[in-house]
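Student: The structure file run_27.pdb (PDB, C-alpha atoms and all ligand atoms) is provided below.
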```
ATOM      1  CA  MET A   1     -26.013 -24.888  54.895
ATOM      2  CA  LEU A   2     -23.788 -26.101  52.121
ATOM      3  CA  ILE A   3     -25.161 -28.975  50.074
ATOM      4  CA  ARG A   4     -22.832 -31.134  48.058
ATOM      5  CA  HIS A   5     -23.985 -31.705  44.478
ATOM      6  CA  PRO A   6     -22.387 -34.395  42.379
ATOM      7  CA  VAL A   7     -20.669 -32.852  39.362
ATOM      8  CA  PRO A   8     -20.964 -34.753  36.088
ATOM      9  CA  SER A   9     -17.638 -35.892  34.755
ATOM     10  CA  ASP A  10     -16.686 -35.908  31.104
ATOM     11  CA  LEU A  11     -13.845 -38.272  31.719
ATOM     12  CA  ARG A  12     -13.425 -40.820  28.988
ATOM     13  CA  SER A  13     -11.123 -43.776  29.275
ATOM     14  CA  SER A  14      -9.067 -42.248  26.465
ATOM     15  CA  ASP A  15      -8.443 -39.239  28.723
ATOM     16  CA  ILE A  16      -6.332 -41.354  31.009
ATOM     17  CA  THR A  17      -2.884 -42.288  29.788
ATOM     18  CA  PRO A  18      -1.539 -44.896  32.160
ATOM     19  CA  GLU A  19       1.563 -45.322  29.989
ATOM     20  CA  SER A  20       2.600 -41.856  31.074
ATOM     21  CA  LEU A  21       3.100 -43.274  34.553
ATOM     22  CA  TYR A  22       5.984 -45.246  33.187
ATOM     23  CA  LEU A  23       7.690 -42.667  30.998
ATOM     24  CA  THR A  24      10.962 -41.299  32.218
ATOM     25  CA  ARG A  25      11.166 -37.744  33.444
ATOM     26  CA  ARG A  26      12.957 -36.630  30.280
ATOM     27  CA  GLU A  27      10.317 -38.318  28.096
ATOM     28  CA  TRP A  28       7.510 -36.555  29.970
ATOM     29  CA  LEU A  29       9.086 -33.173  29.641
ATOM     30  CA  ALA A  30       9.575 -33.816  25.934
ATOM     31  CA  ALA A  31       6.004 -35.102  25.520
ATOM     32  CA  ALA A  32       4.696 -31.956  27.161
ATOM     33  CA  GLY A  33       6.706 -29.686  24.895
ATOM     34  CA  LEU A  34       9.066 -28.921  27.748
ATOM     35  CA  THR A  35      12.217 -30.118  26.075
ATOM     36  CA  VAL A  36      15.548 -28.967  27.314
ATOM     37  CA  GLY A  37      15.761 -26.736  24.218
ATOM     38  CA  ALA A  38      12.389 -25.181  24.981
ATOM     39  CA  ILE A  39      13.496 -24.223  28.446
ATOM     40  CA  ALA A  40      17.015 -23.272  27.498
ATOM     41  CA  GLY A  41      18.337 -20.180  29.117
ATOM     42  CA  ALA A  42      18.166 -21.999  32.437
ATOM     43  CA  SER A  43      18.105 -19.597  35.325
ATOM     44  CA  MET A  44      16.538 -16.227  34.761
ATOM     45  CA  LEU A  45      18.201 -13.236  36.319
ATOM     46  CA  LEU A  46      15.715 -10.829  37.770
ATOM     47  CA  PRO A  47      16.218  -7.835  40.009
ATOM     48  CA  LEU A  48      15.428  -8.674  43.622
ATOM     49  CA  GLY A  49      16.365  -5.357  45.122
ATOM     50  CA  ALA A  50      18.160  -2.140  44.362
ATOM     51  CA  ASP A  51      21.515  -3.792  43.779
ATOM     52  CA  ALA A  52      20.933  -7.520  44.166
ATOM     53  CA  GLN A  53      20.622  -9.946  41.274
ATOM     54  CA  GLN A  54      19.919 -13.569  41.998
ATOM     55  CA  PRO A  55      18.925 -16.521  39.826
ATOM     56  CA  LEU A  56      15.318 -17.354  40.587
ATOM     57  CA  GLY A  57      14.901 -20.518  38.573
ATOM     58  CA  THR A  58      13.933 -21.811  35.172
ATOM     59  CA  PRO A  59      11.222 -19.829  33.397
ATOM     60  CA  TYR A  60       8.296 -21.930  32.172
ATOM     61  CA  GLY A  61       5.852 -20.428  29.690
ATOM     62  CA  LEU A  62       6.739 -16.823  30.473
ATOM     63  CA  GLN A  63       5.914 -14.083  27.974
ATOM     64  CA  PRO A  64       8.691 -11.663  26.972
ATOM     65  CA  ASP A  65       7.349  -8.885  29.214
ATOM     66  CA  ASP A  66       6.795 -11.085  32.290
ATOM     67  CA  LYS A  67       8.792 -10.079  35.357
ATOM     68  CA  ALA A  68       8.812 -11.811  38.708
ATOM     69  CA  THR A  69       6.273 -10.236  41.054
ATOM     70  CA  PRO A  70       8.068  -8.688  44.045
ATOM     71  CA  TRP A  71       8.412 -10.790  47.194
ATOM     72  CA  GLU A  72       6.265  -8.311  49.157
ATOM     73  CA  ASP A  73       3.293  -8.881  46.827
ATOM     74  CA  VAL A  74       3.770 -12.655  46.470
ATOM     75  CA  THR A  75       3.796 -13.002  50.250
ATOM     76  CA  GLY A  76       1.523 -10.104  51.199
ATOM     77  CA  TYR A  77      -1.473 -10.463  48.881
ATOM     78  CA  ASN A  78      -2.987 -13.930  49.351
ATOM     79  CA  ASN A  79      -6.174 -15.863  49.728
ATOM     80  CA  PHE A  80      -5.966 -18.366  52.572
ATOM     81  CA  TYR A  81      -9.385 -18.410  54.206
ATOM     82  CA  GLU A  82      -8.141 -20.520  57.107
ATOM     83  CA  PHE A  83      -6.453 -17.272  58.200
ATOM     84  CA  GLY A  84      -9.092 -14.699  57.195
ATOM     85  CA  THR A  85     -10.894 -13.576  54.076
ATOM     86  CA  ALA A  86      -9.062 -10.293  53.344
ATOM     87  CA  LYS A  87      -5.997 -10.343  51.083
ATOM     88  CA  ASP A  88      -3.716  -8.997  53.816
ATOM     89  CA  ASP A  89      -5.089 -11.257  56.583
ATOM     90  CA  PRO A  90      -2.986 -14.396  55.924
ATOM     91  CA  ALA A  91       0.402 -12.632  56.239
ATOM     92  CA  VAL A  92      -0.648 -11.340  59.672
ATOM     93  CA  GLU A  93      -2.892 -14.104  61.022
ATOM     94  CA  ALA A  94      -0.690 -17.035  59.909
ATOM     95  CA  LYS A  95       2.457 -15.637  61.519
ATOM     96  CA  GLY A  96       2.362 -17.960  64.521
ATOM     97  CA  PHE A  97       1.401 -21.108  62.577
ATOM     98  CA  LYS A  98       3.991 -23.890  63.020
ATOM     99  CA  PRO A  99       4.259 -25.952  59.808
ATOM    100  CA  ARG A 100       6.663 -28.527  61.279
ATOM    101  CA  PRO A 101       6.656 -31.356  62.115
ATOM    102  CA  TRP A 102       4.355 -32.213  59.199
ATOM    103  CA  THR A 103       3.040 -35.522  57.886
ATOM    104  CA  VAL A 104       1.511 -36.165  54.463
ATOM    105  CA  LYS A 105      -0.709 -39.176  53.862
ATOM    106  CA  VAL A 106      -0.834 -40.737  50.384
ATOM    107  CA  ASP A 107      -3.667 -43.239  50.098
ATOM    108  CA  GLY A 108      -6.741 -44.404  48.193
ATOM    109  CA  LEU A 109      -6.283 -46.270  44.922
ATOM    110  CA  VAL A 110      -2.531 -46.759  45.143
ATOM    111  CA  LYS A 111      -0.465 -49.900  45.485
ATOM    112  CA  LYS A 112       1.907 -48.277  47.982
ATOM    113  CA  PRO A 113       0.056 -46.028  50.441
ATOM    114  CA  GLY A 114       2.062 -44.292  53.139
ATOM    115  CA  ASP A 115       2.339 -41.632  55.813
ATOM    116  CA  TYR A 116       5.446 -39.566  55.243
ATOM    117  CA  ALA A 117       7.270 -36.994  57.309
ATOM    118  CA  LEU A 118       7.612 -33.980  55.027
ATOM    119  CA  GLU A 119      11.368 -34.465  54.743
ATOM    120  CA  ASP A 120      10.851 -38.023  53.426
ATOM    121  CA  PHE A 121       7.843 -37.081  51.332
ATOM    122  CA  VAL A 122       9.851 -34.664  49.166
ATOM    123  CA  LYS A 123      12.516 -37.287  48.484
ATOM    124  CA  ALA A 124      10.168 -38.694  45.807
ATOM    125  CA  GLY A 125      11.237 -35.967  43.383
ATOM    126  CA  ARG A 126      14.001 -33.613  42.413
ATOM    127  CA  MET A 127      13.726 -30.183  44.016
ATOM    128  CA  GLU A 128      13.551 -27.533  41.290
ATOM    129  CA  ASP A 129      13.181 -23.761  41.050
ATOM    130  CA  ARG A 130      10.613 -22.860  38.406
ATOM    131  CA  ILE A 131       9.114 -19.505  37.516
ATOM    132  CA  TYR A 132       5.433 -19.743  36.568
ATOM    133  CA  ARG A 133       2.651 -17.362  35.614
ATOM    134  CA  HIS A 134      -0.135 -17.321  38.210
ATOM    135  CA  ARG A 135      -3.708 -16.226  37.376
ATOM    136  CA  CYS A 136      -6.342 -15.810  40.086
ATOM    137  CA  VAL A 137     -10.036 -16.292  39.283
ATOM    138  CA  GLU A 138     -10.527 -12.763  40.637
ATOM    139  CA  ALA A 139      -8.753 -11.443  37.497
ATOM    140  CA  TRP A 140      -5.409 -10.511  39.015
ATOM    141  CA  SER A 141      -2.135 -12.213  38.191
ATOM    142  CA  MET A 142       1.476 -12.586  39.270
ATOM    143  CA  VAL A 143       4.702 -14.284  38.135
ATOM    144  CA  ILE A 144       6.025 -16.490  40.939
ATOM    145  CA  PRO A 145       9.378 -18.232  41.404
ATOM    146  CA  TRP A 146       8.359 -21.506  43.060
ATOM    147  CA  ARG A 147      10.547 -24.228  44.534
ATOM    148  CA  GLY A 148       9.124 -27.743  44.523
ATOM    149  CA  ILE A 149       8.943 -31.257  43.145
ATOM    150  CA  MET A 150       6.753 -32.680  40.398
ATOM    151  CA  LEU A 151       3.550 -34.205  41.761
ATOM    152  CA  ALA A 152       4.047 -36.959  39.169
ATOM    153  CA  ASP A 153       7.065 -38.199  41.090
ATOM    154  CA  VAL A 154       5.028 -38.563  44.288
ATOM    155  CA  LEU A 155       2.278 -40.414  42.410
ATOM    156  CA  LYS A 156       4.749 -42.718  40.654
ATOM    157  CA  ARG A 157       6.267 -43.701  43.982
ATOM    158  CA  ALA A 158       2.776 -44.532  45.301
ATOM    159  CA  GLU A 159       1.982 -46.578  42.154
ATOM    160  CA  PRO A 160      -1.574 -45.705  41.109
ATOM    161  CA  ALA A 161      -3.900 -48.713  40.955
ATOM    162  CA  PRO A 162      -5.628 -49.417  37.609
ATOM    163  CA  GLY A 163      -8.952 -47.837  38.694
ATOM    164  CA  ALA A 164      -7.420 -44.519  39.795
ATOM    165  CA  LYS A 165      -8.759 -41.600  37.729
ATOM    166  CA  PHE A 166      -8.636 -38.553  40.035
ATOM    167  CA  VAL A 167      -6.525 -37.120  42.827
ATOM    168  CA  GLU A 168      -8.035 -35.406  45.872
ATOM    169  CA  PHE A 169      -5.970 -33.024  48.039
ATOM    170  CA  THR A 170      -6.879 -32.016  51.587
ATOM    171  CA  THR A 171      -5.650 -29.135  53.751
ATOM    172  CA  LEU A 172      -4.926 -29.579  57.458
ATOM    173  CA  TYR A 173      -8.081 -29.329  59.599
ATOM    174  CA  ASP A 174      -7.152 -27.787  62.945
ATOM    175  CA  PRO A 175      -9.388 -24.871  63.990
ATOM    176  CA  ALA A 176      -7.141 -24.199  66.993
ATOM    177  CA  ARG A 177      -4.238 -23.419  64.619
ATOM    178  CA  MET A 178      -6.302 -22.194  61.675
ATOM    179  CA  PRO A 179      -8.878 -19.851  63.219
ATOM    180  CA  GLY A 180     -10.723 -19.209  59.950
ATOM    181  CA  GLN A 181     -11.984 -22.798  60.147
ATOM    182  CA  ARG A 182     -14.208 -21.769  63.072
ATOM    183  CA  LEU A 183     -16.376 -19.825  60.593
ATOM    184  CA  PRO A 184     -18.533 -21.539  57.964
ATOM    185  CA  VAL A 185     -17.184 -19.540  54.993
ATOM    186  CA  LEU A 186     -16.205 -22.711  53.091
ATOM    187  CA  ARG A 187     -16.589 -26.423  53.692
ATOM    188  CA  TRP A 188     -13.654 -27.395  55.888
ATOM    189  CA  PRO A 189     -11.184 -28.846  55.433
ATOM    190  CA  TYR A 190     -10.442 -27.152  52.095
ATOM    191  CA  THR A 191     -10.170 -29.783  49.366
ATOM    192  CA  GLU A 192      -9.174 -29.694  45.722
ATOM    193  CA  GLY A 193      -8.943 -32.205  42.919
ATOM    194  CA  LEU A 194      -7.337 -32.971  39.592
ATOM    195  CA  ARG A 195      -7.877 -35.613  36.966
ATOM    196  CA  LEU A 196      -5.020 -38.131  37.132
ATOM    197  CA  ASP A 197      -3.557 -37.037  33.797
ATOM    198  CA  GLU A 198      -3.566 -33.384  34.955
ATOM    199  CA  ALA A 199      -1.880 -34.452  38.173
ATOM    200  CA  MET A 200       0.752 -36.396  36.227
ATOM    201  CA  HIS A 201       1.537 -33.458  33.925
ATOM    202  CA  PRO A 202       5.143 -32.315  34.321
ATOM    203  CA  LEU A 203       4.067 -28.707  34.935
ATOM    204  CA  THR A 204       2.103 -29.713  38.058
ATOM    205  CA  LEU A 205       4.199 -28.980  41.130
ATOM    206  CA  LEU A 206       4.049 -29.569  44.840
ATOM    207  CA  ALA A 207       5.762 -26.452  46.118
ATOM    208  CA  THR A 208       7.711 -26.193  49.333
ATOM    209  CA  GLY A 209       9.231 -22.802  48.640
ATOM    210  CA  VAL A 210       9.061 -19.474  46.910
ATOM    211  CA  TYR A 211      11.943 -17.160  45.930
ATOM    212  CA  GLY A 212      14.381 -19.899  46.969
ATOM    213  CA  ARG A 213      13.158 -19.931  50.581
ATOM    214  CA  ASP A 214      10.757 -22.184  52.471
ATOM    215  CA  LEU A 215       7.134 -21.238  51.831
ATOM    216  CA  PRO A 216       5.971 -18.519  54.186
ATOM    217  CA  ASN A 217       2.900 -19.655  56.127
ATOM    218  CA  GLN A 218       0.556 -17.408  54.130
ATOM    219  CA  ASN A 219       1.670 -19.086  50.885
ATOM    220  CA  GLY A 220       0.684 -22.546  52.101
ATOM    221  CA  ALA A 221       3.524 -23.842  54.268
ATOM    222  CA  PRO A 222       4.895 -26.366  54.260
ATOM    223  CA  LEU A 223       3.474 -27.896  51.046
ATOM    224  CA  ARG A 224       0.998 -26.604  48.441
ATOM    225  CA  LEU A 225      -0.153 -27.419  44.939
ATOM    226  CA  VAL A 226       0.748 -25.287  41.884
ATOM    227  CA  VAL A 227      -1.070 -25.875  38.570
ATOM    228  CA  PRO A 228      -0.103 -22.919  36.402
ATOM    229  CA  TRP A 229      -2.751 -23.305  33.671
ATOM    230  CA  LYS A 230      -5.611 -23.257  36.198
ATOM    231  CA  TYR A 231      -7.067 -20.482  38.338
ATOM    232  CA  GLY A 232      -5.189 -19.935  41.582
ATOM    233  CA  PHE A 233      -7.812 -21.530  43.834
ATOM    234  CA  LYS A 234      -6.759 -24.957  42.545
ATOM    235  CA  GLY A 235      -3.484 -24.292  44.394
ATOM    236  CA  ILE A 236      -4.538 -25.849  47.680
ATOM    237  CA  LYS A 237      -2.307 -24.932  50.630
ATOM    238  CA  SER A 238      -0.906 -26.761  53.661
ATOM    239  CA  ILE A 239      -1.685 -30.222  52.252
ATOM    240  CA  VAL A 240      -1.899 -33.196  54.628
ATOM    241  CA  ARG A 241      -3.465 -35.793  52.365
ATOM    242  CA  ILE A 242      -3.275 -36.896  48.722
ATOM    243  CA  ARG A 243      -5.864 -39.540  47.876
ATOM    244  CA  LEU A 244      -6.342 -41.303  44.544
ATOM    245  CA  THR A 245      -9.892 -42.149  43.643
ATOM    246  CA  ASP A 246     -12.115 -43.405  40.829
ATOM    247  CA  ARG A 247     -14.635 -40.540  41.284
ATOM    248  CA  GLN A 248     -14.340 -36.832  40.668
ATOM    249  CA  PRO A 249     -13.756 -35.382  44.148
ATOM    250  CA  GLY A 250     -15.667 -32.489  45.657
ATOM    251  CA  THR A 251     -13.671 -29.250  45.780
ATOM    252  CA  ALA A 252     -14.069 -26.415  48.283
ATOM    253  CA  TRP A 253     -15.116 -23.671  45.861
ATOM    254  CA  ASN A 254     -17.185 -25.911  43.611
ATOM    255  CA  ILE A 255     -19.152 -27.089  46.623
ATOM    256  CA  SER A 256     -19.733 -23.574  47.949
ATOM    257  CA  ALA A 257     -20.688 -22.003  44.571
ATOM    258  CA  PRO A 258     -20.966 -24.572  41.760
ATOM    259  CA  ASP A 259     -22.213 -22.040  39.193
ATOM    260  CA  GLU A 260     -19.155 -19.891  39.700
ATOM    261  CA  TYR A 261     -16.297 -22.357  40.181
ATOM    262  CA  GLY A 262     -16.092 -25.548  38.156
ATOM    263  CA  PHE A 263     -14.001 -28.638  38.755
ATOM    264  CA  TYR A 264     -11.681 -27.895  35.834
ATOM    265  CA  SER A 265     -11.045 -24.190  36.515
ATOM    266  CA  ASN A 266      -8.808 -23.831  33.483
ATOM    267  CA  VAL A 267      -7.830 -20.244  32.770
ATOM    268  CA  ASN A 268     -10.086 -19.336  29.842
ATOM    269  CA  PRO A 269     -10.559 -15.756  28.625
ATOM    270  CA  THR A 270     -13.620 -16.775  26.586
ATOM    271  CA  VAL A 271     -15.618 -18.126  29.535
ATOM    272  CA  ASP A 272     -16.593 -15.345  31.901
ATOM    273  CA  HIS A 273     -17.179 -15.792  35.576
ATOM    274  CA  PRO A 274     -20.932 -15.158  36.101
ATOM    275  CA  ARG A 275     -20.115 -11.902  37.903
ATOM    276  CA  TRP A 276     -17.155 -10.568  35.882
ATOM    277  CA  SER A 277     -15.200 -10.946  32.647
ATOM    278  CA  GLN A 278     -12.135 -13.184  32.469
ATOM    279  CA  ALA A 279     -10.861 -11.566  29.242
ATOM    280  CA  LYS A 280      -8.272  -9.387  31.017
ATOM    281  CA  GLU A 281      -6.235  -9.422  34.181
ATOM    282  CA  ARG A 282      -4.526  -6.945  36.472
ATOM    283  CA  ARG A 283      -0.898  -7.931  36.923
ATOM    284  CA  ILE A 284      -0.099  -7.035  40.515
ATOM    285  CA  GLY A 285       2.255  -4.055  40.424
ATOM    286  CA  GLU A 286       1.119  -2.850  36.966
ATOM    287  CA  PHE A 287      -1.357  -0.164  36.044
ATOM    288  CA  LEU A 288      -2.826  -1.277  32.698
ATOM    289  CA  ARG A 289      -4.749  -4.534  32.447
ATOM    290  CA  ARG A 290      -3.351  -7.281  30.197
ATOM    291  CA  PRO A 291      -5.280  -9.686  27.991
ATOM    292  CA  THR A 292      -5.626 -13.107  29.619
ATOM    293  CA  LEU A 293      -4.156 -16.004  27.649
ATOM    294  CA  MET A 294      -5.861 -19.352  27.091
ATOM    295  CA  PHE A 295      -4.639 -21.828  29.700
ATOM    296  CA  ASN A 296      -2.697 -18.886  31.158
ATOM    297  CA  GLY A 297      -0.146 -19.134  28.337
ATOM    298  CA  TYR A 298       0.450 -22.896  28.708
ATOM    299  CA  ALA A 299      -1.853 -24.008  25.841
ATOM    300  CA  ASP A 300       0.951 -25.656  23.861
ATOM    301  CA  GLN A 301       1.703 -27.902  26.810
ATOM    302  CA  VAL A 302      -1.799 -28.691  28.130
ATOM    303  CA  ALA A 303      -4.525 -28.100  25.500
ATOM    304  CA  SER A 304      -4.315 -31.738  24.380
ATOM    305  CA  LEU A 305      -5.505 -32.859  27.828
ATOM    306  CA  TYR A 306      -8.910 -31.376  26.990
ATOM    307  CA  ALA A 307      -9.253 -32.376  23.330
ATOM    308  CA  GLY A 308     -12.903 -32.971  22.473
ATOM    309  CA  MET A 309     -14.234 -31.481  25.712
ATOM    310  CA  ASP A 310     -16.737 -28.640  25.798
ATOM    311  CA  LEU A 311     -14.791 -26.081  27.839
ATOM    312  CA  ARG A 312     -17.885 -23.903  28.345
ATOM    313  CA  ARG A 313     -19.636 -26.712  30.169
ATOM    314  CA  ASN A 314     -16.472 -27.982  31.836
ATOM    315  CA  TYR A 315     -15.398 -24.579  33.198
TER     316      TYR A 315
HETATM  317  N1  LIG B   1      -5.862 -23.178  50.000
HETATM  318  C1  LIG B   1      -6.490 -23.226  51.180
HETATM  319  N2  LIG B   1      -6.293 -24.263  51.999
HETATM  320  N3  LIG B   1      -7.354 -22.243  51.587
HETATM  321  C2  LIG B   1      -7.641 -21.162  50.774
HETATM  322  O1  LIG B   1      -8.436 -20.295  51.163
HETATM  323  N4  LIG B   1      -7.244 -20.073  48.619
HETATM  324  C3  LIG B   1      -6.978 -20.356  47.209
HETATM  325  C4  LIG B   1      -5.604 -21.013  46.998
HETATM  326  N5  LIG B   1      -5.403 -22.059  47.972
HETATM  327  C5  LIG B   1      -6.996 -21.098  49.509
HETATM  328  C6  LIG B   1      -6.074 -22.126  49.169
HETATM  329  C7  LIG B   1      -7.093 -19.189  46.369
HETATM  330  S1  LIG B   1      -8.668 -18.582  46.129
HETATM  331  C8  LIG B   1      -6.025 -18.612  45.745
HETATM  332  S2  LIG B   1      -6.216 -17.373  44.601
HETATM  333  C9  LIG B   1      -4.650 -19.006  46.068
HETATM  334  O2  LIG B   1      -4.598 -19.991  47.112
HETATM  335  C10 LIG B   1      -3.972 -17.712  46.461
HETATM  336  O3  LIG B   1      -2.805 -17.808  47.177
HETATM  337  P1  LIG B   1      -1.386 -17.723  46.501
HETATM  338  O4  LIG B   1      -1.307 -16.397  45.811
HETATM  339  O5  LIG B   1      -0.430 -17.830  47.644
HETATM  340  O6  LIG B   1      -1.337 -18.858  45.546
END
```
What would the structure in this file look like if it were written as structure tokens?
Tutor:
Amino acid sequence: MLIRHPVPSDLRSSDITPESLYLTRREWLAAAGLTVGAIAGASMLLPLGADAQQPLGTPYGLQPDDKATPWEDVTGYNNFYEFGTAKDDPAVEAKGFKPRPWTVKVDGLVKKPGDYALEDFVKAGRMEDRIYRHRCVEAWSMVIPWRGIMLADVLKRAEPAPGAKFVEFTTLYDPARMPGQRLPVLRWPYTEGLRLDEAMHPLTLLATGVYGRDLPNQNGAPLRLVVPWKYGFKGIKSIVRIRLTDRQPGTAWNISAPDEYGFYSNVNPTVDHPRWSQAKERRIGEFLRRPTLMFNGYADQVASLYAGMDLRRNY
């Protein structure tokens, strides 16, 4: 049986920056070091096939030798336990899943709660194509061209109430459509959480697509979270609810193995997983392992969110 343990929070009132709720989009990007100059170069051209070249989106935080991971790997090598626990299960077992119609609930400590049809939900933000680095806790990595909107735009529309400090995300619970939920491998439905300032960060996306197309089912159709400086399991898939709260929410992996998966889950090469090192990673499609970067290469943009925190304790 899985027992839920409360996880101590190091949140201080100074960690929350309510003013950021009211900054303009341009001001946020600038505040996060994501100025137009810093992301100049706009669309990156990357080979998609033998003779096809297609703009994939704006690169964010990529290293000079980063190349987009091929479509086959991005869509064929996934964790999505609702559709099986092997990496190639989701692409096969999620084939028949119908991600539309889809409703997303936004509730909790917000002034404007609502239930939105997906098509209306995404109107909160501007749809963008962004290429991010992606680091799984299992020490493999990819570079993924996502399509999505900033979570901050969704939260701004909902107007967080003064007491809101965290955001909880919940995946659809429907064992008839998600057969993995009939087995007690995790606590269902899958949930994840962010501190409100992490959720408001301009790098935090709600993705509806990959490689310029709608998300394939195995990647979390029709809507999933992308937080590029955190381990991949924070990227909860097939979201039906976004709830603002004053308490740190329970998260699927933290509840199932609290010693192995913390609430923060920031990519950190100096804090090993209890069963393996996090110092290096295997880029899918490459032979030699690469050194893992602090915050997955996004330290300039996000390190300040954790100033003064003990990142060994808050892993
Ligand atoms: N979301 C749900 N609902 N169920 C899951 O099992 N797995 C997580 C995350 N989101 C998972 C989930 C894990 S462990 C990882 S590494 C990523 O999805 C992997 O999928 P991706 O490569 O498509 O991001």
Student: Please evaluate the PyMOL selection byres (((not hetatm)) within 6 of (chain B and resi 1)) against the displayed coordinates and give the resulting residues as a PDB file with C-alpha atoms, in the coordinates of the input.
Tutor:
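The resulting part.pdb:
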```pdb
ATOM      1  CA  ASN A  78      -2.987 -13.930  49.351  1.00  0.00           C
ATOM      2  CA  ASN A  79      -6.174 -15.863  49.728  1.00  0.00           C
ATOM      3  CA  PHE A  80      -5.966 -18.366  52.572  1.00  0.00           C
ATOM      4  CA  TYR A  81      -9.385 -18.410  54.206  1.00  0.00           C
ATOM      5  CA  GLU A  82      -8.141 -20.520  57.107  1.00  0.00           C
ATOM      6  CA  CYS A 136      -6.342 -15.810  40.086  1.00  0.00           C
ATOM      7  CA  THR A 171      -5.650 -29.135  53.751  1.00  0.00           C
ATOM      8  CA  TYR A 190     -10.442 -27.152  52.095  1.00  0.00           C
ATOM      9  CA  ASN A 219       1.670 -19.086  50.885  1.00  0.00           C
ATOM     10  CA  GLY A 232      -5.189 -19.935  41.582  1.00  0.00           C
ATOM     11  CA  PHE A 233      -7.812 -21.530  43.834  1.00  0.00           C
ATOM     12  CA  GLY A 235      -3.484 -24.292  44.394  1.00  0.00           C
ATOM     13  CA  ILE A 236      -4.538 -25.849  47.680  1.00  0.00           C
ATOM     14  CA  LYS A 237      -2.307 -24.932  50.630  1.00  0.00           C
TER      15      LYS A 237
END
```
Student: Quick one: everything within 12 Å of Pro216 of chain A, counting only C-alpha atoms, minus sequence neighbours fewer than 2 positions away in the same chain. Send it as a PyMOL selection string.
Tutor: chain A and resi 71-72+74-76+78+90-92+94-99+146+207-214+218-224+237-238
Student: Kindly indicate which residue among A:Ala117, A:Ile255, A:Val185, A:Leu288 lies nearest to Gly84 of chain A, using only C-alpha atoms for the distances.
Tutor: A:Val185
Student: Could you write out as a ChimeraX atom specification the residues that the PyMOL selection byres (((chain A and resi 294) around 7) and not hetatm) matches in the shown file?
Tutor: /A:267-269,292-293,295-297,299
Student: Which residues fall under the PyMOL selection byres (((chain A and resi 133) around 6) and not hetatm) in this file, as a JSON list (two decimals) with C-alpha atoms, in the frame of the given file?
Tutor:
```json
[["chain", "number", "residue", "atom", "x", "y", "z"],
["A", 132, "TYR", "CA", 5.43, -19.74, 36.57],
["A", 134, "HIS", "CA", -0.14, -17.32, 38.21],
["A", 143, "VAL", "CA", 4.70, -14.28, 38.14]]
```
Student: Please determine, counting all atoms listed in the file, which residue among A:Glu128, A:Gly250, A:Ser141, A:Leu203 has the shortest atom-to-atom distance to Arg187 of chain A.
Tutor: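 Using all atoms listed in the file, Arg187 of chain A sits closest to A:Gly250.
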Student: State, in Å with one decimal place, the distance from atom CA of Trp229 of chain A to atom CA of Val302 of chain A.
Tutor: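 Those two atoms sit 7.8 Å apart.
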Student: Taking (-5.5, -13.9, 38.8) in the coordinates of the supplied file, I want to know which residues reach to within 8 Å of it, counting only C-alpha atoms; could you give the answer as a PyMOL selection string?
Tutor: chain A and resi 134-142+231-232+281-283
Student: Would you compute the distance between atom CA of Leu311 of chain A and atom CA of His201 of chain A? Give it in Å to one decimal.
Tutor: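 Atom CA of His201 of chain A lies at a distance of 18.9 Å from atom CA of Leu311 of chain A.
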Student: Quick one: of A:Val122, A:Leu305, A:Leu172, A:Leu56, who's nearest to Thr69 of chain A, counting only C-alpha atoms?
Tutor: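 Residue with the minimum atom-to-atom distance to Thr69 of chain A: A:Leu56.
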Student: Please, what distance in Å, to one decimal, runs between atom CA of Gly108 of chain A and atom CA of Arg241 of chain A?
Tutor: 10.1 Å
Student: Compare A:Ala124, A:Ser265, A:His273, A:Gly285 by their minimum atom-to-atom distance to Asn314 of chain A, counting all atoms listed in the file, and give me the closest one.
Tutor: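 Result for the nearest residue to Asn314 of chain A: A:Ser265.
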Student: Return the single residue from A:Lys123, A:Lys156, A:Lys230, A:Arg177 that is closest to Leu196 of chain A, with distances computed using all atoms listed in the file.
Tutor: A:Lys156
Student: Considering only C-alpha atoms, state which residue in the set A:Asp65, A:Asp129, A:Asp246, A:Glu119 is at the smallest distance from Gly163 of chain A.
Tutor: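 Comparing A:Asp65, A:Asp129, A:Asp246, A:Glu119 against Gly163 of chain A, the winner is A:Asp246.
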